[in-house]
$ cat coords_11.cif   # mmCIF, C-alpha atoms and all ligand atoms
data_entry
loop_
_atom_site.label_atom_id
_atom_site.label_comp_id
_atom_site.auth_asym_id
_atom_site.auth_seq_id
_atom_site.Cartn_x
_atom_site.Cartn_y
_atom_site.Cartn_z
CA MET A 11 0.00 0.00 0.00
CA VAL A 12 1.38 3.45 -0.91
CA SER A 13 0.82 6.03 1.80
CA TRP A 14 2.21 9.51 2.47
CA ARG A 15 4.85 8.04 4.75
CA TRP A 16 7.15 7.79 1.72
CA LEU A 17 7.22 11.56 1.38
CA THR A 18 9.63 11.96 4.25
CA SER A 19 12.15 9.54 2.79
CA PHE A 20 12.04 10.58 -0.85
CA CYS A 21 15.21 12.46 -1.27
CA ARG A 22 17.66 9.68 -2.00
CA GLY A 23 15.49 8.64 -4.94
CA GLY A 24 13.78 10.35 -7.81
CA ILE A 25 10.23 10.42 -6.52
CA PHE A 26 10.07 14.05 -5.53
CA PRO A 27 10.60 15.68 -8.92
CA LYS A 28 8.08 13.31 -10.44
CA ALA A 29 5.57 14.16 -7.78
CA PHE A 30 5.78 17.84 -8.63
CA LYS A 31 4.82 17.19 -12.22
CA LYS A 32 1.45 15.90 -11.06
CA SER A 33 -1.32 18.46 -11.15
CA SER A 34 -3.91 18.86 -8.45
CA ARG A 35 -6.76 16.45 -8.69
CA CYS A 36 -9.17 19.06 -7.45
CA PRO A 37 -8.73 22.22 -9.54
CA SER A 38 -12.06 23.75 -8.58
CA LEU A 39 -10.75 24.25 -5.06
CA PHE A 40 -7.74 26.23 -6.27
CA TRP A 41 -6.91 29.70 -5.10
CA GLY A 42 -5.56 30.51 -8.53
CA CYS A 43 -2.05 31.55 -9.46
CA CYS A 44 -1.94 35.12 -8.36
CA TYR A 45 -0.73 37.32 -5.57
CA HIS A 46 -2.75 36.85 -2.42
CA ARG A 47 -3.28 38.58 0.81
CA THR A 48 -5.99 36.79 2.66
CA GLN A 49 -7.35 36.24 6.12
CA GLY A 50 -7.96 32.70 7.29
CA SER A 51 -11.68 33.30 7.39
CA PHE A 52 -11.68 33.68 3.59
CA LEU A 53 -10.33 30.17 3.07
CA ASN A 54 -12.65 27.76 1.34
CA PRO A 55 -14.41 26.16 4.33
CA GLU A 56 -14.26 22.69 2.76
CA ILE A 57 -10.50 22.88 2.35
CA ARG A 58 -10.04 24.34 5.81
CA ALA A 59 -12.03 21.45 7.29
CA PHE A 60 -10.06 18.91 5.24
CA LEU A 61 -6.69 20.33 6.29
CA GLU A 62 -7.73 20.55 9.93
CA GLU A 63 -9.05 17.01 9.92
CA ASN A 64 -6.02 15.48 8.21
CA THR A 65 -3.10 17.18 9.98
CA GLU A 66 -1.94 17.32 13.58
CA VAL A 67 -0.96 20.51 15.40
CA THR A 68 2.57 19.97 16.66
CA SER A 69 5.46 21.95 18.08
CA HIS A 70 7.83 19.11 18.82
CA GLY A 71 10.02 16.82 16.70
CA HIS A 72 11.63 19.76 14.89
CA LEU A 73 14.19 22.48 15.62
CA THR A 74 11.79 25.36 16.31
CA PRO A 75 9.42 24.38 19.13
CA GLU A 76 8.32 28.03 19.38
CA ILE A 77 6.48 27.60 16.04
CA ARG A 78 3.28 25.53 16.01
CA LEU A 79 2.44 23.83 12.74
CA ARG A 80 -0.20 21.63 11.19
CA LEU A 81 1.76 18.66 9.85
CA LEU A 82 1.25 15.14 8.61
CA THR A 83 2.20 12.85 11.51
CA PRO A 84 1.79 9.16 12.30
CA CYS A 85 -1.46 10.14 14.09
CA CYS A 86 -3.00 11.32 10.81
CA ARG A 87 -5.23 9.17 8.66
CA PHE A 88 -3.17 9.70 5.49
CA TRP A 89 0.06 8.66 7.13
CA LYS A 90 -1.07 5.14 6.36
CA GLU A 91 -4.07 5.62 4.08
CA LYS A 92 -3.66 5.02 0.33
CA THR A 93 -2.62 8.21 -1.43
CA ASP A 94 -5.25 7.59 -4.13
CA LEU A 95 -7.82 8.96 -1.70
CA TRP A 96 -5.93 12.24 -1.22
CA PRO A 97 -7.73 14.91 -3.28
CA PHE A 98 -4.82 17.31 -3.90
CA SER A 99 -1.29 17.20 -5.24
CA ASP A 100 1.35 15.66 -2.98
CA PRO A 101 1.35 17.40 0.41
CA PHE A 102 4.95 18.60 0.68
CA TRP A 103 3.61 21.47 2.75
CA ALA A 104 2.59 18.94 5.43
CA ILE A 105 6.23 18.21 6.29
CA TYR A 106 8.70 20.57 7.91
CA TRP A 107 11.84 19.80 5.93
CA PRO A 108 15.31 19.82 7.49
CA GLY A 109 16.50 22.69 5.27
CA GLY A 110 13.59 24.87 6.39
CA GLN A 111 14.16 23.88 10.02
CA ALA A 112 17.78 25.08 9.85
CA LEU A 113 16.84 28.41 8.30
CA SER A 114 14.01 29.05 10.78
CA ARG A 115 16.25 28.21 13.75
CA TYR A 116 18.92 30.53 12.40
CA LEU A 117 16.50 33.44 11.90
CA LEU A 118 14.95 33.02 15.36
CA ASP A 119 18.41 32.91 16.98
CA ASN A 120 19.78 35.79 14.90
CA PRO A 121 16.87 38.22 14.44
CA ALA A 122 19.20 41.02 13.33
CA ILE A 123 19.51 39.19 10.01
CA VAL A 124 15.88 39.97 9.19
CA ARG A 125 14.80 42.78 11.52
CA ARG A 126 13.29 45.62 9.47
CA LYS A 127 14.26 43.74 6.29
CA THR A 128 12.12 42.69 3.32
CA VAL A 129 12.18 38.92 2.94
CA LEU A 130 11.17 36.58 0.10
CA ASP A 131 10.79 32.89 1.03
CA ILE A 132 10.91 30.62 -2.04
CA GLY A 133 9.18 27.21 -1.76
CA SER A 134 7.65 28.01 1.61
CA GLY A 135 5.77 24.72 2.12
CA CYS A 136 4.22 24.83 5.59
CA GLY A 137 5.41 28.44 5.95
CA ALA A 138 7.54 27.88 9.06
CA THR A 139 10.55 29.84 7.78
CA ALA A 140 8.39 32.75 6.65
CA ILE A 141 6.76 32.65 10.09
CA ALA A 142 10.23 32.71 11.71
CA ALA A 143 11.07 35.78 9.61
CA VAL A 144 7.91 37.56 10.80
CA MET A 145 8.58 36.58 14.42
CA SER A 146 12.13 37.93 14.09
CA GLY A 147 10.91 41.34 12.99
CA ALA A 148 11.02 41.38 9.18
CA SER A 149 9.28 44.48 7.83
CA GLN A 150 7.74 42.59 4.92
CA VAL A 151 7.53 38.89 4.07
CA LEU A 152 6.33 37.29 0.84
CA ALA A 153 5.92 33.51 0.83
CA SER A 154 6.07 31.76 -2.52
CA ASP A 155 4.87 28.23 -3.25
CA ILE A 156 3.46 26.88 -6.50
CA ASP A 157 1.09 24.59 -4.59
CA PRO A 158 -2.08 26.53 -3.70
CA ILE A 159 -2.87 24.11 -0.88
CA ALA A 160 0.47 25.04 0.67
CA GLY A 161 -0.77 28.63 0.61
CA MET A 162 -3.85 27.64 2.56
CA ALA A 163 -1.82 25.58 5.02
CA MET A 164 0.37 28.64 5.60
CA VAL A 165 -2.67 30.73 6.47
CA LEU A 166 -3.73 28.10 9.03
CA ASN A 167 -0.18 27.99 10.43
CA CYS A 168 -0.12 31.78 10.78
CA GLU A 169 -3.35 31.56 12.75
CA LEU A 170 -1.85 28.91 15.02
CA ASN A 171 0.98 31.29 15.86
CA ASN A 172 -1.31 34.31 16.33
CA LEU A 173 0.10 36.08 13.29
CA ASN A 174 -1.74 37.91 10.54
CA PRO A 175 -1.17 35.93 7.34
CA PHE A 176 1.61 37.39 5.20
CA PRO A 177 1.17 37.74 1.42
CA ILE A 178 1.52 34.47 -0.45
CA THR A 179 2.07 33.93 -4.15
CA THR A 180 1.42 30.69 -6.01
CA LYS A 181 2.99 32.02 -9.20
CA ASN A 182 6.31 30.47 -10.20
CA ILE A 183 8.58 33.48 -9.82
CA ILE A 184 11.84 31.64 -10.46
CA ASP A 185 13.32 33.01 -13.70
CA THR A 186 11.16 36.13 -13.54
CA GLU A 187 12.21 39.68 -12.73
CA VAL A 188 11.77 40.15 -9.01
CA ASP A 189 11.60 43.17 -6.77
CA ASN A 190 14.50 44.38 -4.76
CA TRP A 191 14.31 42.12 -1.69
CA ASP A 192 16.81 42.54 1.15
CA LEU A 193 16.89 38.81 1.76
CA ILE A 194 15.83 35.68 -0.15
CA ILE A 195 15.54 32.45 1.85
CA LEU A 196 15.13 28.91 0.51
CA GLY A 197 14.71 25.75 2.59
CA ASP A 198 15.23 22.33 0.97
CA MET A 199 14.74 23.57 -2.59
CA PHE A 200 17.73 21.81 -4.19
CA TYR A 201 16.16 18.40 -4.69
CA ASP A 202 16.03 18.32 -8.47
CA GLN A 203 18.82 19.06 -10.95
CA GLN A 204 16.75 21.23 -13.28
CA LEU A 205 15.23 23.22 -10.43
CA ALA A 206 18.67 23.61 -8.86
CA ASP A 207 20.05 25.01 -12.14
CA SER A 208 17.16 27.48 -12.50
CA LEU A 209 17.48 28.55 -8.89
CA HIS A 210 21.21 29.11 -9.18
CA HIS A 211 20.85 31.20 -12.32
CA TRP A 212 18.02 33.26 -10.83
CA LEU A 213 19.67 33.73 -7.43
CA ARG A 214 22.85 34.95 -9.11
CA LYS A 215 20.80 37.51 -11.02
CA CYS A 216 18.91 38.68 -7.91
CA SER A 217 22.14 38.96 -6.01
CA GLN A 218 24.04 40.78 -8.72
CA THR A 219 21.18 43.09 -9.75
CA HIS A 220 19.97 44.13 -6.32
CA GLY A 221 22.69 43.03 -3.93
CA THR A 222 20.13 40.69 -2.35
CA HIS A 223 21.42 38.60 0.54
CA VAL A 224 20.62 34.89 -0.02
CA LEU A 225 20.43 32.17 2.65
CA ILE A 226 19.91 28.51 1.76
CA GLY A 227 18.97 25.71 4.18
CA ASP A 228 19.91 22.19 3.13
CA PRO A 229 20.73 18.94 4.96
CA GLY A 230 23.11 17.65 2.26
CA ARG A 231 20.81 16.50 -0.53
CA PRO A 232 22.77 14.91 -3.39
CA GLN A 233 21.51 17.45 -5.95
CA PHE A 234 22.80 20.23 -3.70
CA LEU A 235 26.15 18.69 -2.79
CA ASP A 236 26.92 17.94 -6.44
CA HIS A 237 25.83 21.32 -7.78
CA SER A 238 28.14 24.03 -9.09
CA ILE A 239 26.57 26.45 -6.57
CA GLN A 240 28.75 24.76 -3.91
CA SER A 241 31.76 26.89 -4.85
CA LYS A 242 29.77 30.04 -4.02
CA LEU A 243 28.60 29.02 -0.56
CA HIS A 244 29.79 29.93 2.88
CA LYS A 245 28.52 27.92 5.87
CA VAL A 246 26.92 30.11 8.55
CA ALA A 247 25.28 27.56 10.88
CA GLU A 248 24.88 23.83 11.34
CA TYR A 249 22.35 22.05 13.55
CA PRO A 250 22.04 18.38 14.49
CA LEU A 251 18.66 17.01 13.45
CA LEU A 252 16.31 15.61 16.06
CA GLU A 253 15.93 11.86 16.11
CA SER A 254 12.47 11.83 14.52
CA THR A 255 13.66 13.99 11.60
CA ARG A 256 16.73 11.76 11.16
CA GLN A 257 14.56 8.69 10.93
CA GLU A 258 12.23 10.33 8.43
CA ASN A 259 15.12 11.53 6.26
CA ASN A 260 17.05 8.38 5.47
CA GLY A 261 19.84 8.83 7.94
CA LEU A 262 20.61 12.53 7.41
CA THR A 263 22.06 13.75 10.70
CA ALA A 264 22.52 17.51 10.38
CA THR A 265 21.18 20.50 8.52
CA VAL A 266 23.07 23.59 7.41
CA VAL A 267 22.46 27.26 6.61
CA TRP A 268 24.57 28.55 3.73
CA HIS A 269 25.22 32.10 2.60
CA TYR A 270 25.32 32.34 -1.19
CA GLN A 271 28.00 34.73 -2.46
CA PRO A 272 28.25 34.70 -6.26
C1 LIG B 1 10.92 20.24 0.09
S1 LIG B 1 9.61 21.40 0.19
C2 LIG B 1 10.36 22.61 1.27
C3 LIG B 1 9.33 23.39 2.05
C4 LIG B 1 9.90 24.34 3.09
N1 LIG B 1 10.78 25.31 2.51
C5 LIG B 1 10.58 23.58 4.18
O1 LIG B 1 11.85 23.58 4.21
O2 LIG B 1 9.90 22.97 5.03
C6 LIG B 1 9.69 22.25 -1.37
C7 LIG B 1 8.54 23.21 -1.60
O3 LIG B 1 8.84 23.97 -2.75
C8 LIG B 1 7.66 24.19 -3.50
N2 LIG B 1 8.08 24.49 -4.87
C9 LIG B 1 8.57 23.66 -5.82
N3 LIG B 1 8.90 24.35 -6.93
C10 LIG B 1 8.63 25.65 -6.67
C11 LIG B 1 8.76 26.87 -7.41
N4 LIG B 1 9.23 26.89 -8.66
N5 LIG B 1 8.38 28.03 -6.81
C12 LIG B 1 7.90 28.03 -5.55
N6 LIG B 1 7.74 26.90 -4.81
C13 LIG B 1 8.11 25.74 -5.35
C14 LIG B 1 6.87 22.92 -3.31
O4 LIG B 1 5.48 23.10 -3.57
C15 LIG B 1 7.18 22.55 -1.86
O5 LIG B 1 6.22 23.06 -0.98
#
$ encode --input "coords_11.cif" --output "structure tokens"
Amino acid sequence: MVSWRWLTSFCRGGIFPKAFKKSSRCPSLFWGCCYHRTQGSFLNPEIRAFLEENTEVTSHGHLTPEIRLRLLTPCCRFWKEKTDLWPFSDPFWAIYWPGGQALSRYLLDNPAIVRRKTVLDIGSGCGATAIAAVMSGASQVLASDIDPIAGMAMVLNCELNNLNPFPITTKNIIDTEVDNWDLIILGDMFYDQQLADSLHHWLRKCSQTHGTHVLIGDPGRPQFLDHSIQSKLHKVAEYPLLESTRQENNGLTATVVWHYQP
């Protein structure tokens, strides 16, 4: 039986990129691919109910216990249930990935990095790192994730942490002209060669055009370790992963924050 348990151990294989090529099975529930600023009360009530019913609120098992999140845990029905019954695209937003954990921990411990800064979080997933940026005093945060359900999960996670939802975009902004952000953050986004190449090219442009500061969180995924971006990175922090995250991530033991300097 295929269940969502495999999601947490994907990264040594090629499942993840394939999963992203799948489209949502429930397009009528989409937010649409545009720039959003929404309050939780505007969420489609059916989707809200589905997300609340099929995730668990948790603040343990990851590196930032001060952030509460709705995640897929062994207590949830779809941890074991066949994925065929899941109505949306694969729920990568329902996992707090090691790369995002490192970045969030780093921002919470070093708020001066983001205080009064404008911050763009690429591939936000559950939104934890964007939440950490808000908690650390960022003046403006934009979360970006191409999965509209991730956007909705982020709104719920903002509510859990008593924050007003930040703007969220579901448009793919990689390879587009972007505004002049002070800081771009990316957690666990180097899992696919093609995406890694696009990201590197785009980050170089953002950095060279605007002088944008770029921080990358990654636990040592093969596509990241083997990428040419490695020669432009400077390690700023490393954290041991908690036991539960180690088990879910095929033996990865630590997660790192890198400063990209093209
Ligand atoms: C491995 S998850 C990481 C989530 C989060 N940053 C974390 O560390 O917990 C990757 C996320 O990137 C999103 N994603 C993939 N391609 C993207 C793109 N081109 N633009 C924005 N988000 C993207 C996926 O929908 C997914 O939520």
$ closest_residue --input "coords_11.cif" --among "A:Ser146, A:Asn260, A:Gln271, A:Thr255" --to "Leu243 in chain A" --atoms "only C-alpha atoms"
A:Gln271
$ residues_near_ligand --input "coords_11.cif" --ligand "ligand LIG 1 (chain B)" --cutoff "8 Å" --atoms "all atoms listed in the file" --output "MDAnalysis selection string"
chainID A and resid 30 101:103 105:111 131:139 154:157 160 180:184 196:199 201 205 227
$ closest_residue --input "coords_11.cif" --among "A:Pro158, A:Leu117, A:Asp202, A:Glu258" --to "Ser99 in chain A" --atoms "all atoms listed in the file"
A:Pro158
$ closest_residue --input "coords_11.cif" --among "A:Ala163, A:Asp119, A:Ala112, A:Val266" --to "Arg58 in chain A" --atoms "only C-alpha atoms"
A:Ala163
$ atom_distance --input "coords_11.cif" --atom1 "CA of Val267 in chain A" --atom2 "CA of Ala247 in chain A"
5.1 Å
$ residues_around --input "coords_11.cif" --residues "Glu76 in chain A" --least-positions-apart "2" --cutoff "10 Å" --atoms "all atoms listed in the file" --output "PyMOL selection string"
chain A and resi 69-70+72-74+78-79+115+118+142+145+171
$ atom_distance --input "coords_11.cif" --atom1 "CA of Leu225 in chain A" --atom2 "CA of Gly161 in chain A"
21.6 Å
$ residues_around --input "coords_11.cif" --residues "Gln218 in chain A" --least-positions-apart "5" --cutoff "10 Å" --atoms "only C-alpha atoms" --output "ChimeraX atom specification"
/A:212-213,223,271-272
$ closest_residue --input "coords_11.cif" --among "A:Leu173, A:Leu251, A:Ala143, A:Leu130" --to "Asp189 in chain A" --atoms "only C-alpha atoms"
A:Leu130
$ atom_distance --input "coords_11.cif" --atom1 "CA of Gln257 in chain A" --atom2 "CA of Cys168 in chain A"
27.4 Å
$ build_atoms --input "coords_11.cif" --residues "range 73-91 of chain A" --atoms "N, CA and C atoms" --output "PDB file, in the coordinates of the input"
ATOM      1  N   LEU A  73      13.213  21.603  14.953  1.00  0.00           N
ATOM      2  CA  LEU A  73      14.190  22.480  15.620  1.00  0.00           C
ATOM      3  C   LEU A  73      13.629  23.795  16.143  1.00  0.00           C
ATOM      4  N   THR A  74      12.344  24.069  15.848  1.00  0.00           N
ATOM      5  CA  THR A  74      11.790  25.360  16.310  1.00  0.00           C
ATOM      6  C   THR A  74      10.493  25.135  17.097  1.00  0.00           C
ATOM      7  N   PRO A  75      10.617  24.666  18.337  1.00  0.00           N
ATOM      8  CA  PRO A  75       9.420  24.380  19.130  1.00  0.00           C
ATOM      9  C   PRO A  75       8.560  25.619  19.395  1.00  0.00           C
ATOM     10  N   GLU A  76       9.113  26.810  19.178  1.00  0.00           N
ATOM     11  CA  GLU A  76       8.320  28.030  19.380  1.00  0.00           C
ATOM     12  C   GLU A  76       7.336  28.275  18.235  1.00  0.00           C
ATOM     13  N   ILE A  77       7.421  27.473  17.168  1.00  0.00           N
ATOM     14  CA  ILE A  77       6.480  27.600  16.040  1.00  0.00           C
ATOM     15  C   ILE A  77       5.564  26.377  16.026  1.00  0.00           C
ATOM     16  N   ARG A  78       4.259  26.627  16.084  1.00  0.00           N
ATOM     17  CA  ARG A  78       3.280  25.530  16.010  1.00  0.00           C
ATOM     18  C   ARG A  78       2.871  25.358  14.549  1.00  0.00           C
ATOM     19  N   LEU A  79       2.738  24.107  14.148  1.00  0.00           N
ATOM     20  CA  LEU A  79       2.440  23.830  12.740  1.00  0.00           C
ATOM     21  C   LEU A  79       1.444  22.691  12.602  1.00  0.00           C
ATOM     22  N   ARG A  80       0.652  22.765  11.571  1.00  0.00           N
ATOM     23  CA  ARG A  80      -0.200  21.630  11.190  1.00  0.00           C
ATOM     24  C   ARG A  80       0.617  20.761  10.246  1.00  0.00           C
ATOM     25  N   LEU A  81       0.918  19.537  10.669  1.00  0.00           N
ATOM     26  CA  LEU A  81       1.760  18.660   9.850  1.00  0.00           C
ATOM     27  C   LEU A  81       1.130  17.277   9.732  1.00  0.00           C
ATOM     28  N   LEU A  82       1.648  16.540   8.772  1.00  0.00           N
ATOM     29  CA  LEU A  82       1.250  15.140   8.610  1.00  0.00           C
ATOM     30  C   LEU A  82       2.098  14.313   9.570  1.00  0.00           C
ATOM     31  N   THR A  83       1.468  13.643  10.514  1.00  0.00           N
ATOM     32  CA  THR A  83       2.200  12.850  11.510  1.00  0.00           C
ATOM     33  C   THR A  83       1.633  11.436  11.529  1.00  0.00           C
ATOM     34  N   PRO A  84       2.309  10.536  12.242  1.00  0.00           N
ATOM     35  CA  PRO A  84       1.790   9.160  12.300  1.00  0.00           C
ATOM     36  C   PRO A  84       0.385   9.087  12.891  1.00  0.00           C
ATOM     37  N   CYS A  85      -0.084  10.154  13.553  1.00  0.00           N
ATOM     38  CA  CYS A  85      -1.460  10.140  14.090  1.00  0.00           C
ATOM     39  C   CYS A  85      -2.496  10.424  13.004  1.00  0.00           C
ATOM     40  N   CYS A  86      -2.042  10.883  11.839  1.00  0.00           N
ATOM     41  CA  CYS A  86      -3.000  11.320  10.810  1.00  0.00           C
ATOM     42  C   CYS A  86      -3.420  10.148   9.932  1.00  0.00           C
ATOM     43  N   ARG A  87      -4.660  10.227   9.501  1.00  0.00           N
ATOM     44  CA  ARG A  87      -5.230   9.170   8.660  1.00  0.00           C
ATOM     45  C   ARG A  87      -4.361   8.872   7.444  1.00  0.00           C
ATOM     46  N   PHE A  88      -3.896   9.916   6.756  1.00  0.00           N
ATOM     47  CA  PHE A  88      -3.170   9.700   5.490  1.00  0.00           C
ATOM     48  C   PHE A  88      -1.713   9.316   5.679  1.00  0.00           C
ATOM     49  N   TRP A  89      -1.272   9.204   6.909  1.00  0.00           N
ATOM     50  CA  TRP A  89       0.060   8.660   7.130  1.00  0.00           C
ATOM     51  C   TRP A  89       0.108   7.229   6.600  1.00  0.00           C
ATOM     52  N   LYS A  90      -1.022   6.535   6.799  1.00  0.00           N
ATOM     53  CA  LYS A  90      -1.070   5.140   6.360  1.00  0.00           C
ATOM     54  C   LYS A  90      -2.058   4.906   5.220  1.00  0.00           C
ATOM     55  N   GLU A  91      -3.015   5.798   5.094  1.00  0.00           N
ATOM     56  CA  GLU A  91      -4.070   5.620   4.080  1.00  0.00           C
ATOM     57  C   GLU A  91      -3.493   5.681   2.675  1.00  0.00           C
TER      58      GLU A  91
END
